[in-house]
Each structure stands twice: as C-alpha cells, then as structure tokens.
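These notes are about the structure you will find just below.
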Amino acid sequence: MIRYVESHDKTPWYTLDGHLPEAGFEEKVRNRQGYVCMEDGKIIGILRYNLFWDSIPFCTLLFIDSGYRRRGFGRQLMEHWEREMKAAGHGMVMLSTQVDEDSQHFYRKLLYKDSGGFVVDIPGYEQPMEMIMVKSL
C-alpha cells in the first residue's frame, strides 16, 4: 500500500531518511510531498520530492528498507509518484543520483534519461558527481 506521509509516521520515516531536517518533515506532510510504502502494516519505503524551479517535480529521496529491496517496491513508489504528478498536470519529472551509485541503472530501467550533472568540491561538502535524470510523463 502506498499513501501520503502523515505526522504520526515521523519515527518510522526517520529510520529510513537520515537527511531530512525535522522542519522539512512537517512540510512534506503539509504539502503532500512525501509517500510511504507499507507491507504488513510496516513502513518499508519512502519517497519525497520538491518542485525544481517551483514547477517541476524533483524526487529528492527514494529509499527502501534493505530487507525489502529487489521486490518491486521502489518501482511501485516511483510509478505511483509519476501517476500523481501526471494527474496534477506535470509533463515531466526529475531526480538526481551520484555517479558512483547503482540506482542510476534502476532509474534508466524506468525510462529516465541522463540530463547532465554537477560536481561539488567545496570543503566539507565534497561528493562524487551528481547526475540529473529526467523523464517525460
């Protein structure tokens, strides 16, 4: 089952998402910019997004609990999100992943295309190149 994240999901959400500031969680709840995927009453996956340029849905995190990976839950979350974004009138969606992460292959299977990237080399924020991927809805 996939549904919007709710305030009472905060504790299980943060077992899967170590990056979202606390104020950001309530914003995701209020703006309906987060989803939870449940199996047997347990939250096993999450997806959150923002609006790039205030208009293009940009997936900022997709995370499936390690014990539930490779069982189709990530695909279900992505497809659910894409359907909702299309129904809301959006013509495309975006996401990013680091070039050293395997998730880029998963996203390509979902028909996302490479669209560029950037390198952050500022001390304390360094990371491998971040690649941007896009998909037409």
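Lettering and numbering for the structure tokens are positional, with chains as A, B, ... in the shown order, residues counted from 1 in each chain, and ligands counted from 1 in the shown order.
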
Please produce, as a Markdown table, a per-residue contact table for range 4-58 of chain A versus range 96-116 of chain A (criterion: any atom at most 12 Å away, only C-alpha atoms considered), showing the nearest atom pair and its distance in Å to one decimal, sorted by chain then residue number.
| residue | atom | partner | partner_atom | distance |
| --- | --- | --- | --- | --- |
| A:Tyr49 | CA | A:Ser96 | CA | 11.1 |
| A:Phe52 | CA | A:Ser96 | CA | 11.5 |
| A:Pro57 | CA | A:Ser96 | CA | 11.8 |
| A:Phe58 | CA | A:Ser96 | CA | 8.2 |

Query - DSSP-assigned alpha helix (DSSP H) members of range 5-120 of chain A, reported as a ChimeraX atom specification - result: /A:10-16,22-31,73-87,103-109

For His90 in chain A, work out the shell of residues within 10 Å, counting only C-alpha atoms and skipping chain neighbours fewer than 6 positions away, then give it as a PDB file with N, CA and C atoms, in the first residue's frame.
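Saved to result13.pdb:
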ATOM      1  N   SER A  55       8.239  24.373 -10.189  1.00  0.00           N
ATOM      2  CA  SER A  55       7.224  23.845 -11.097  1.00  0.00           C
ATOM      3  C   SER A  55       7.445  22.406 -11.556  1.00  0.00           C
ATOM      4  N   ILE A  56       8.661  21.880 -11.456  1.00  0.00           N
ATOM      5  CA  ILE A  56       8.928  20.533 -11.970  1.00  0.00           C
ATOM      6  C   ILE A  56       9.171  19.589 -10.794  1.00  0.00           C
ATOM      7  N   PRO A  57       8.356  18.535 -10.654  1.00  0.00           N
ATOM      8  CA  PRO A  57       8.565  17.593  -9.564  1.00  0.00           C
ATOM      9  C   PRO A  57       9.957  16.956  -9.640  1.00  0.00           C
ATOM     10  N   GLU A  82       4.830   9.129 -10.201  1.00  0.00           N
ATOM     11  CA  GLU A  82       4.719   9.615 -11.576  1.00  0.00           C
ATOM     12  C   GLU A  82       3.258   9.774 -11.999  1.00  0.00           C
ATOM     13  N   ARG A  83       2.413   8.813 -11.652  1.00  0.00           N
ATOM     14  CA  ARG A  83       0.986   8.920 -11.987  1.00  0.00           C
ATOM     15  C   ARG A  83       0.362  10.142 -11.305  1.00  0.00           C
ATOM     16  N   GLU A  84       0.699  10.348 -10.045  1.00  0.00           N
ATOM     17  CA  GLU A  84       0.161  11.503  -9.314  1.00  0.00           C
ATOM     18  C   GLU A  84       0.636  12.813  -9.936  1.00  0.00           C
ATOM     19  N   SER A 136       9.857  12.160 -19.306  1.00  0.00           N
ATOM     20  CA  SER A 136       8.613  12.738 -19.795  1.00  0.00           C
ATOM     21  C   SER A 136       7.441  11.924 -19.265  1.00  0.00           C
ATOM     22  N   LEU A 137       6.406  12.630 -18.872  1.00  0.00           N
ATOM     23  CA  LEU A 137       5.192  11.936 -18.435  1.00  0.00           C
ATOM     24  C   LEU A 137       4.156  11.934 -19.558  1.00  0.00           C
TER      25      LEU A 137
END

Requested in this report: Could you jot down the CA of Ile132 in chain A to CA of Met85 in chain A separation for me, Å, one decimal place?
Outcome: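 A separation of 18.2 Å between them.
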
Quick one: pick out all strand (DSSP E or B) residues within range 15-66 of chain A from a backbone DSSP run and write them as a CSV table (one decimal) with N, CA, C and O atoms, in the first residue's frame.
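Dumped everything to part13.csv:
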chain,number,residue,atom,x,y,z
A,34,GLY,N,5.4,13.7,0.2
A,34,GLY,CA,6.1,12.5,0.7
A,34,GLY,C,5.1,11.4,0.7
A,34,GLY,O,3.9,11.5,0.9
A,35,TYR,N,5.6,10.2,0.4
A,35,TYR,CA,4.8,9.0,0.3
A,35,TYR,C,5.5,7.9,1.2
A,35,TYR,O,6.7,7.8,1.3
A,36,VAL,N,4.7,7.0,1.7
A,36,VAL,CA,5.2,5.8,2.4
A,36,VAL,C,4.6,4.6,1.7
A,36,VAL,O,3.5,4.6,1.2
A,37,CYS,N,5.5,3.6,1.6
A,37,CYS,CA,5.1,2.3,1.1
A,37,CYS,C,5.0,1.3,2.3
A,37,CYS,O,6.0,1.2,3.0
A,38,MET,N,3.9,0.6,2.4
A,38,MET,CA,3.7,-0.3,3.6
A,38,MET,C,3.6,-1.7,3.2
A,38,MET,O,3.0,-2.0,2.1
A,39,GLU,N,4.1,-2.6,4.0
A,39,GLU,CA,3.9,-4.0,3.8
A,39,GLU,C,3.6,-4.6,5.2
A,39,GLU,O,4.4,-4.3,6.2
A,42,LYS,N,3.8,-2.2,8.1
A,42,LYS,CA,5.1,-1.5,8.5
A,42,LYS,C,5.5,-0.7,7.3
A,42,LYS,O,5.4,-1.1,6.1
A,43,ILE,N,6.1,0.5,7.6
A,43,ILE,CA,6.6,1.4,6.5
A,43,ILE,C,8.0,0.8,6.1
A,43,ILE,O,8.9,0.7,6.9
A,44,ILE,N,8.0,0.4,4.8
A,44,ILE,CA,9.2,-0.3,4.3
A,44,ILE,C,9.9,0.6,3.2
A,44,ILE,O,11.0,0.2,2.8
A,45,GLY,N,9.3,1.7,2.8
A,45,GLY,CA,9.9,2.5,1.8
A,45,GLY,C,9.3,3.9,1.9
A,45,GLY,O,8.1,4.1,2.3
A,46,ILE,N,10.1,4.9,1.4
A,46,ILE,CA,9.6,6.2,1.4
A,46,ILE,C,10.1,6.9,0.1
A,46,ILE,O,11.1,6.5,-0.5
A,47,LEU,N,9.3,7.9,-0.3
A,47,LEU,CA,9.7,8.8,-1.4
A,47,LEU,C,9.3,10.2,-1.1
A,47,LEU,O,8.2,10.4,-0.5
A,48,ARG,N,10.2,11.1,-1.3
A,48,ARG,CA,9.9,12.5,-1.1
A,48,ARG,C,10.4,13.3,-2.3
A,48,ARG,O,11.3,12.9,-3.0
A,49,TYR,N,9.7,14.5,-2.5
A,49,TYR,CA,10.1,15.3,-3.6
A,49,TYR,C,9.9,16.8,-3.3
A,49,TYR,O,9.2,17.2,-2.3
A,50,ASN,N,10.5,17.6,-4.1
A,50,ASN,CA,10.3,19.1,-4.1
A,50,ASN,C,9.9,19.5,-5.5
A,50,ASN,O,9.8,18.7,-6.4
A,51,LEU,N,9.7,20.8,-5.7
A,51,LEU,CA,9.5,21.3,-7.0
A,51,LEU,C,10.7,22.1,-7.5
A,51,LEU,O,11.0,23.1,-6.9
A,52,PHE,N,11.4,21.6,-8.5
A,52,PHE,CA,12.5,22.3,-9.1
A,52,PHE,C,12.0,23.5,-9.9
A,52,PHE,O,11.0,23.4,-10.6
A,56,ILE,N,8.7,21.9,-11.5
A,56,ILE,CA,8.9,20.5,-12.0
A,56,ILE,C,9.2,19.6,-10.8
A,56,ILE,O,10.1,19.8,-10.0
A,57,PRO,N,8.4,18.5,-10.7
A,57,PRO,CA,8.6,17.6,-9.6
A,57,PRO,C,10.0,17.0,-9.6
A,57,PRO,O,10.4,16.5,-10.7
A,58,PHE,N,10.7,17.0,-8.5
A,58,PHE,CA,12.0,16.5,-8.4
A,58,PHE,C,12.1,15.6,-7.2
A,58,PHE,O,12.0,16.0,-6.1
A,59,CYS,N,12.3,14.3,-7.5
A,59,CYS,CA,12.4,13.3,-6.5
A,59,CYS,C,13.7,13.5,-5.7
A,59,CYS,O,14.8,13.4,-6.3
A,60,THR,N,13.6,13.8,-4.4
A,60,THR,CA,14.8,14.1,-3.6
A,60,THR,C,15.3,12.9,-2.8
A,60,THR,O,16.4,12.8,-2.4
A,61,LEU,N,14.4,11.9,-2.7
A,61,LEU,CA,14.8,10.7,-2.0
A,61,LEU,C,13.8,9.5,-2.3
A,61,LEU,O,12.6,9.7,-2.2
A,62,LEU,N,14.4,8.4,-2.7
A,62,LEU,CA,13.6,7.1,-2.7
A,62,LEU,C,14.5,6.2,-1.9
A,62,LEU,O,15.7,6.0,-2.2
A,63,PHE,N,13.8,5.6,-0.9
A,63,PHE,CA,14.6,4.7,-0.1
A,63,PHE,C,13.7,3.5,0.3
A,63,PHE,O,12.6,3.7,0.8
A,64,ILE,N,14.2,2.3,0.1
A,64,ILE,CA,13.5,1.1,0.5
A,64,ILE,C,14.4,0.4,1.5
A,64,ILE,O,15.6,0.2,1.4

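Interatomic distance, CA of Val29 in chain A to CA of Thr11 in chain A: 13.4 Å.
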
**Report entry** Atomic separation - CA of Val134 in chain A relative to CA of Glu6 in chain A, Å
**Finding:**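 These atoms are spaced 27.7 Å apart.
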